[in-house]
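This report refers to the structure that appears directly beneath it.
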Amino acid sequence: MKLAARVSQVSPSLTLAIAAKAKAMKAEGIDVCSFSAGEPDFPTPEHICSAAKKALDEGKTKYGAAAGELKLRETIAKKLRVNNNLDYQAENIIVTNGGKQSLFNLMQVSIEYGDEVIIPAPYWLSYPEMVKLADGKPVIVDTLAENNYKITPQQLKHAITPKSKLFVLNSPSNPTGAVYTPEEIKALAQIIVERGLWVVSDEIYENILYDGVEHLSIGAVSPEIFERTIISNGFAKSYSMTGWRVGYAAAPVELIQAMTKLQGHSTSNVCTFAQYGAIAALESSQACVKEMVTAFAQRREVMYRGIQAIPKLSCPKPYGAFYLFIDISATGLKSLDFCDRLLESQQVAAIPGIAFGADDCIRLSYATDMPTIEKGLERLEKFVKSHVS
Ligand code: GLU
């Protein structure tokens, strides 16, 4: 069959592909050090699993409302009011199949042919593809390592045209680990309001912060920006629930209604009993999140120091999420070649920066255990020293 142009122009998800390859190699008995997908290595906390098991036992196994269980939407709205200073109610929330589907739905309901979506690079690889799948035009703005890979207000201003509709903000950032300061967020918010743009704020890493840096949700800056903000978030990263596929969007009611209509014809509701696990995640003690973040912080130190010690590699210090975004240009290799050779010769899986719009870089996820980190760093050093002249 001749495939539709809409899908032919889209690249496959390299994060998922490389992570799957690393898992398959492990299953074959190969000793792989995988720094590929951003997937916490911890089990989902017991109380969250128990809540989902209880929901199963209670027969929460039927279709639910397309927008999500009311109790979960109320709990999410409360979390956004209390933790993020965002004045949402249940009607402002849609529960989606991971944070990813919230973004996909948003692009589908808001972007029309020719609409421009401004995306700072390096970006999470699915943003531009989702824009293309909605017939929109991704407008990529390259940021600099010297500026910790953050877009400046001037860069945003220059990227705006009469066709600009949406700006994609992701702080803490995947793949760079950058975190925008409250002042930087406020400066971007001012431009968005002045120029009549919308902003989607992907806050999936909001809890994974280091060295006391603060996360400010852009919608909390002023009532004007709140009206133009869509929040995307989910449970995967904070609660180690990657396979559960529970995420959400928060936005003005008309947008949520449109996304719900779309979801009603695509995936319907998110797995009903999984949503009860998500309620428990938000309602229970957040100590489990703290514990995981403490472990990520230790790993970040070891990874960052390890990379600094390897000649020809460098990266800015990340302040959030669990990735290092490493400049490999001094090795003379481009990112795909680097990652292929690294996997083949040292069995270390990394994601080529080309997937994130930066071919001179690679991404390493340190959401993995310390022995893998130590062994992987040794292998990476050996690779750089022996395979790269
Ligand atoms: N978001 C994670 C990552 O970037 C998981 C894979 C994906 O959805 O892209 O590694």
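Residues in the structure tokens are numbered from 1 in each chain, the chains being A, B, ... in the order shown, and ligands are numbered from 1 in the order shown.
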Point to revise | Selection: 12 Å around Leu343 (chain A), only C-alpha atoms, excl. self and same-chain fewer than 2 positions, as an MDAnalysis selection string | key: chainID A and resid 18:19 21:22 25 30:36 336:341 345:352 376 379:380 383
Exercise for review: Write as a ChimeraX atom specification the residues around ligand 1, taking 9 Å as the cut-off and counting only C-alpha atoms and all ligand atoms.
Suggested key: /A:13-17,19,36-39,98-100,124-126,174-175,236-237,242,351,365
Give me a file of those residues, with N, CA, C and O atoms, as a compact mmCIF listing (two decimals), in the first residue's frame.
```txt
# COMPACT_ATOMS: atom_id res chain seq x y z
N SER A 13 10.79 7.13 16.24
CA SER A 13 11.32 7.59 17.53
C SER A 13 12.60 6.83 17.85
O SER A 13 12.58 5.64 18.15
N LEU A 14 13.74 7.55 17.76
CA LEU A 14 15.03 6.90 18.01
C LEU A 14 15.22 6.52 19.47
O LEU A 14 15.91 5.55 19.78
N THR A 15 14.62 7.30 20.38
CA THR A 15 14.76 6.94 21.81
C THR A 15 14.15 5.57 22.05
O THR A 15 14.75 4.72 22.70
N LEU A 16 12.95 5.37 21.49
CA LEU A 16 12.29 4.08 21.70
C LEU A 16 13.05 2.97 20.96
O LEU A 16 13.23 1.87 21.48
N ALA A 17 13.51 3.28 19.73
CA ALA A 17 14.18 2.25 18.92
C ALA A 17 15.49 1.80 19.58
O ALA A 17 15.75 0.59 19.68
N ALA A 19 16.43 2.16 22.74
CA ALA A 19 16.15 1.51 24.03
C ALA A 19 15.71 0.06 23.80
O ALA A 19 16.14 -0.87 24.51
N SER A 36 20.17 4.85 27.26
CA SER A 36 19.31 5.28 26.15
C SER A 36 18.02 5.96 26.63
O SER A 36 18.01 7.18 26.78
N ALA A 37 16.96 5.20 26.86
CA ALA A 37 15.69 5.88 27.16
C ALA A 37 15.70 6.53 28.52
O ALA A 37 16.37 6.06 29.45
N GLY A 38 14.94 7.59 28.64
CA GLY A 38 14.78 8.23 29.94
C GLY A 38 13.74 7.47 30.73
O GLY A 38 12.58 7.86 30.79
N GLU A 39 14.20 6.38 31.33
CA GLU A 39 13.27 5.52 32.05
C GLU A 39 13.87 5.17 33.41
O GLU A 39 14.84 4.40 33.48
N GLY A 98 -0.12 8.73 28.62
CA GLY A 98 1.21 9.32 28.79
C GLY A 98 1.18 10.79 28.46
O GLY A 98 0.23 11.28 27.82
N GLY A 99 2.24 11.49 28.90
CA GLY A 99 2.35 12.91 28.55
C GLY A 99 2.37 13.07 27.03
O GLY A 99 1.88 14.06 26.48
N LYS A 100 2.94 12.09 26.35
CA LYS A 100 3.09 12.15 24.90
C LYS A 100 1.75 12.38 24.20
O LYS A 100 1.64 13.20 23.31
N TRP A 124 13.09 17.67 22.58
CA TRP A 124 12.67 16.26 22.66
C TRP A 124 12.17 15.87 21.28
O TRP A 124 11.38 16.59 20.67
N LEU A 125 12.62 14.72 20.83
CA LEU A 125 12.49 14.37 19.41
C LEU A 125 11.07 14.27 18.88
O LEU A 125 10.84 14.39 17.68
N SER A 126 10.08 14.09 19.74
CA SER A 126 8.71 13.94 19.22
C SER A 126 8.01 15.26 18.92
O SER A 126 7.02 15.28 18.19
N ASN A 174 14.44 17.87 28.48
CA ASN A 174 14.94 16.66 27.83
C ASN A 174 15.27 17.10 26.42
O ASN A 174 14.36 17.59 25.72
N PRO A 175 16.48 17.07 25.93
CA PRO A 175 17.60 16.24 26.38
C PRO A 175 18.70 16.95 27.18
O PRO A 175 19.68 16.31 27.52
N ALA A 236 5.04 9.28 34.57
CA ALA A 236 6.10 8.35 34.21
C ALA A 236 7.42 8.64 34.93
O ALA A 236 8.02 7.74 35.53
N LYS A 237 7.86 9.87 34.88
CA LYS A 237 9.21 10.18 35.36
C LYS A 237 9.25 10.38 36.88
O LYS A 237 10.14 9.88 37.54
N THR A 242 6.59 4.57 33.84
CA THR A 242 6.70 4.73 32.38
C THR A 242 5.73 3.84 31.61
O THR A 242 5.11 4.27 30.65
N ILE A 351 21.93 7.94 22.86
CA ILE A 351 21.04 8.43 21.80
C ILE A 351 21.77 9.53 21.01
O ILE A 351 22.26 10.50 21.60
N SER A 365 21.30 9.06 29.35
CA SER A 365 20.36 9.10 30.47
C SER A 365 21.02 8.44 31.68
O SER A 365 21.57 7.34 31.55
```
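Nearest residue to Leu133 (chain A) among A:Lys385, A:Arg6, A:Lys334, A:Arg299 is A:Arg6, counting only C-alpha atoms.
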Practice item. Calculate how many Å separate CA of Thr272 (chain A) from CA of Met292 (chain A), rounding to one decimal. Key: 26.2 Å
**Study point:** Leu106 (chain A) environment, 9 Å, only C-alpha atoms, sequence neighbours closer than 4 positions dropped, as a PyMOL selection string
**Key:** chain A and resi 101-102+110-111+200+230+249+255-256+258-259
Review point. Which residue out of A:Asp142, A:His47, A:Ser335, A:Ser238 has the minimum interatomic distance to Phe296 (chain A) when only C-alpha atoms are used?
Key: A:Ser238
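A straight line drawn from CA of Ala51 (chain A) to CA of Tyr276 (chain A) is 6.0 Å long.
Minimum atom-to-atom distance to Tyr366 (chain A), evaluated using only C-alpha atoms, belongs to A:Pro40 out of A:Ile218, A:Lys54, A:Lys60, A:Pro40.
Remark: for Asn84 (chain A), the closest of the candidate residues A:Ile160, A:Val199, A:Leu216, A:Ala5 is A:Leu216 (distances computed over only C-alpha atoms).
Atom to atom, CA of Leu364 (chain A) and CA of Tyr248 (chain A) stand 26.3 Å apart.
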Check your understanding: So which residues of region 36-120 of chain A fall under alpha helix (DSSP H) by DSSP, listed as a ChimeraX atom specification?
Key -> /A:46-57,70-84,98-110
Study note, to complete from the structure: Nearest to Asp211 (chain A), restricted to only C-alpha atoms and choosing among A:Tyr123, A:Pro318, A:Pro172, A:Pro153, comes out as A:Pro318
**Study point:** All residues 7 Å or closer to region 164-171 of chain A, only C-alpha atoms, same chain fewer than 5 positions away omitted, as a ChimeraX atom specification
**Key:** /A:115-119,178-180,197-203
Review point. Could you name the residues that touch Leu56 (chain A) at 12 Å or less, counting only C-alpha atoms, but leaving out those on the same chain fewer than 5 positions away, as a ChimeraX atom specification?
Key: /A:49-51,61-62,271-277
Take the residues that were just selected and, keeping N, CA and C atoms, output them as a PDB file, in the first residue's frame.
```pdb
ATOM      1  N   CYS A  49       1.149   0.714  43.146  1.00  0.00           N
ATOM      2  CA  CYS A  49       0.743  -0.588  42.578  1.00  0.00           C
ATOM      3  C   CYS A  49      -0.454  -1.139  43.353  1.00  0.00           C
ATOM      4  N   SER A  50      -0.427  -1.023  44.688  1.00  0.00           N
ATOM      5  CA  SER A  50      -1.522  -1.563  45.509  1.00  0.00           C
ATOM      6  C   SER A  50      -2.844  -0.893  45.153  1.00  0.00           C
ATOM      7  N   ALA A  51      -2.801   0.418  44.939  1.00  0.00           N
ATOM      8  CA  ALA A  51      -4.042   1.139  44.606  1.00  0.00           C
ATOM      9  C   ALA A  51      -4.612   0.645  43.278  1.00  0.00           C
ATOM     10  N   THR A  61     -12.689  -1.955  35.746  1.00  0.00           N
ATOM     11  CA  THR A  61     -12.121  -2.572  34.548  1.00  0.00           C
ATOM     12  C   THR A  61     -12.951  -2.257  33.306  1.00  0.00           C
ATOM     13  N   LYS A  62     -13.822  -1.276  33.424  1.00  0.00           N
ATOM     14  CA  LYS A  62     -14.734  -0.972  32.309  1.00  0.00           C
ATOM     15  C   LYS A  62     -14.333   0.342  31.633  1.00  0.00           C
ATOM     16  N   CYS A 271      -6.401   3.424  30.450  1.00  0.00           N
ATOM     17  CA  CYS A 271      -6.671   2.212  31.249  1.00  0.00           C
ATOM     18  C   CYS A 271      -7.244   2.598  32.627  1.00  0.00           C
ATOM     19  N   THR A 272      -8.465   2.139  32.891  1.00  0.00           N
ATOM     20  CA  THR A 272      -9.194   2.636  34.060  1.00  0.00           C
ATOM     21  C   THR A 272      -8.465   2.373  35.378  1.00  0.00           C
ATOM     22  N   PHE A 273      -8.019   1.138  35.603  1.00  0.00           N
ATOM     23  CA  PHE A 273      -7.423   0.868  36.921  1.00  0.00           C
ATOM     24  C   PHE A 273      -6.065   1.539  37.080  1.00  0.00           C
ATOM     25  N   ALA A 274      -5.382   1.802  35.945  1.00  0.00           N
ATOM     26  CA  ALA A 274      -4.104   2.533  36.032  1.00  0.00           C
ATOM     27  C   ALA A 274      -4.345   3.938  36.602  1.00  0.00           C
ATOM     28  N   GLN A 275      -5.498   4.511  36.284  1.00  0.00           N
ATOM     29  CA  GLN A 275      -5.790   5.868  36.767  1.00  0.00           C
ATOM     30  C   GLN A 275      -5.900   5.905  38.294  1.00  0.00           C
ATOM     31  N   TYR A 276      -6.302   4.773  38.886  1.00  0.00           N
ATOM     32  CA  TYR A 276      -6.395   4.740  40.360  1.00  0.00           C
ATOM     33  C   TYR A 276      -5.003   4.697  40.995  1.00  0.00           C
ATOM     34  N   GLY A 277      -4.055   4.093  40.281  1.00  0.00           N
ATOM     35  CA  GLY A 277      -2.660   4.158  40.740  1.00  0.00           C
ATOM     36  C   GLY A 277      -2.181   5.604  40.724  1.00  0.00           C
TER      37      GLY A 277
END
```
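Nearest-residue note for Gln108 (chain A): choosing from A:Leu188, A:Leu262, A:Ile326, A:Ile48, the minimum distance belongs to A:Leu262, counting only C-alpha atoms.
The protein and nucleic acid residues lying at most 9 Å from Pro122 (chain A) are Ile119, Leu125, Ile140, Val141, Asp142, Thr143, Tyr149, Ser173, Asn174, Pro175, Thr176, Gly353, Ile354, Ala355, Phe356, Gly357 and Ala358 of chain A, with only C-alpha atoms considered and sequence neighbours fewer than 3 positions away removed.
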